[in-house]
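Right, one structure below, let's go through it.
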Amino acid sequence: MKHYEILDAKTREKLCFLDKVEPHATIAEIKNLFTKTHPQWYPARQSLRLDPKGKSLKDEDVLQKLPVGTTATLYFRDLGAQISWVTVFLTEYAGPLFIYLLFYFRVPFIYGHKYDFTSSRHTVVHLACICHSFHYIKRLLETLFVHRFSHGTMPLRNIFKNCTYYWGFAAWMAYYINHPLYTPPTYGAQQVKLALAIFVICQLGNFSIHMALRDLRPAGSKTRKIPYPTKNPFTWLFLLVSCPNYTYEVGSWIGFAIMTQCLPVALFSLVGFTQMTIWAKGKHRSYLKEFRDYPPLRMPIIPFLL
């Protein structure tokens with residue numbers, strides 16, 4: 001049996017003392033015990049660590065395997081109000097889908113009274129709406145039925161930042177693409193067909209990667225494995241990059257930008273590429289750190305370059 005005291009990581013104030021804790025108990029169980037004395041800090045809000053400035057312990061960490069004595073000190077930090085990843089993603093993706101359609105159908109007060117509920121005469125405008133809607137419907141369905149999240153929640157404040165990004169860009173690009181004065185791409189049908197092919201191929205590739213990653217992690221598990229190509233040709237990009245889902249995602253938006261020849265779409269693609277590159281580099285580093293036999297040829301997001 002061990003005794004644990006939990007101190008505030010900032011003030012060193014003693015928050016809780018847990019007596020006679022079983023050595024095989026996990027951090028998750030400690031969090032549940034802590035919640036009984038401090039119900040305002042539910043487990044998802046808690047960060048417990050061995051050092052005030054150290055890394056958070058994982059829920060699955062077993063107490064007897066931690067480098068502590070008979071009486072141990074854990075330090076607590078409040079992570080703030082939390083919200084589930086599923087809720088975040090559904091909110092992020094439903095917004096752009098709905099907002100874009102408002103501009104596509106030219107609801108009143110957007111372009112002027114004489115354009116209310118009128119339709120564009122350009123085929124590319126209708127095709128762009130189909131592609132944009134398909135992309136976000138796909139994301140919503142993947143959130144519900146495909147993705148498995150290693151972390152159940154994220155800070156509530158992040159949803160406002162994320163929604164501002166997705167919803168704002170959706171409104172900006174939709175305003176110009178569906179504008180009554182919109183002009184089609186410079187090279188006409190040839191440019192649209194090429195861009196559509198890029199978009200469709202990258203959407204299929206992105207979905208294939210998500211399915212491959214899903215199959216790596218059994219339901220309810222946090223197991224991490226090295227992803228490898230499968231019989232599906234779209235997964236062969238795993239030979240060269242660690243995060244081909246991001247590669248395909250960027251490719252989709254590049255295709256959409258070429259199709260619509262719209263500056264806000266190009267800027268959205270650039271900002272998205274920058275953020276996904278940061279994520280990909282972080283994931284690539286964690287793969288290299290965790291797996292000694294990680295394939296050496298892989299780059300984070302762009303084969304041979306980045």
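Going through the structure tokens in order, the chains are called A, B, and so on, while each chain numbers its residues from 1 and the ligands are numbered from 1 in the order shown.
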Selection: 9 Å around Ala174 in chain A, only C-alpha atoms, excl. self and same-chain fewer than 6 positions, as a PyMOL selection string: chain A and resi 99-104+129+264
6 Å contact set for range 200-205 of chain A, only C-alpha atoms, chain neighbours under 3 positions out, as a list in words: Ala197, Ser208, Phe234, Tyr248, Gly251 and Ser252 of chain A
Pull N, CA, C and O atoms from the residues just selected and write them as a compact mmCIF listing (two decimals), in the first residue's frame.
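This went into again-v7.txt:
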```txt
# COMPACT_ATOMS: atom_id res chain seq x y z
N ALA A 197 -10.20 15.86 -61.19
CA ALA A 197 -9.50 14.58 -61.07
C ALA A 197 -8.57 14.59 -59.86
O ALA A 197 -8.52 13.62 -59.08
N SER A 208 -8.91 6.41 -47.70
CA SER A 208 -8.18 5.14 -47.61
C SER A 208 -7.19 5.15 -46.45
O SER A 208 -7.05 4.16 -45.72
N PHE A 234 -3.86 3.42 -52.73
CA PHE A 234 -3.83 4.76 -52.14
C PHE A 234 -3.00 4.79 -50.85
O PHE A 234 -2.55 5.86 -50.43
N TYR A 248 -2.82 14.02 -48.79
CA TYR A 248 -4.03 13.96 -49.62
C TYR A 248 -4.97 15.13 -49.32
O TYR A 248 -5.62 15.65 -50.23
N GLY A 251 -3.67 18.09 -51.07
CA GLY A 251 -3.90 17.88 -52.50
C GLY A 251 -5.33 18.18 -52.90
O GLY A 251 -5.59 18.76 -53.97
N SER A 252 -6.29 17.80 -52.05
CA SER A 252 -7.70 18.05 -52.34
C SER A 252 -7.96 19.55 -52.46
O SER A 252 -8.65 20.00 -53.39
```
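Comparing the minimum interatomic distances between Leu18 in chain A and each of A:Phe105, A:Phe238, A:Tyr187, A:Tyr4, counting only C-alpha atoms, we find that A:Tyr4 sits nearest.
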Find the residues around Leu216 in chain A up to 12 Å (only C-alpha atoms counted), leave out those fewer than 4 positions away in its own chain, and share them as a ChimeraX atom specification. /A:146-148,209-212,220-230
Could you write out, as a PyMOL selection string, all the residues of range 189-252 of chain A that DSSP marks as helix (DSSP H, G or I)? chain A and resi 189-216+233-239+244-252
Excluding Leu156 in chain A and any residue of its chain fewer than 6 positions from it, enumerate the residues within 10 Å of it, using only C-alpha atoms, and give them as a PyMOL selection string. chain A and resi 79-85+88
For range 135-155 of chain A versus range 46-53 of chain A, which residues have an atom no more than 12 Å away, and what is each residue's nearest atom pair and distance in Å rounded to one decimal, using only C-alpha atoms, chain-then-number order, as JSON lines?
```
{"residue": "A:Thr153", "atom": "CA", "partner": "A:Gln46", "partner_atom": "CA", "distance": 11.5}
{"residue": "A:Met154", "atom": "CA", "partner": "A:Gln46", "partner_atom": "CA", "distance": 11.8}
{"residue": "A:Pro155", "atom": "CA", "partner": "A:Gln46", "partner_atom": "CA", "distance": 11.4}
```
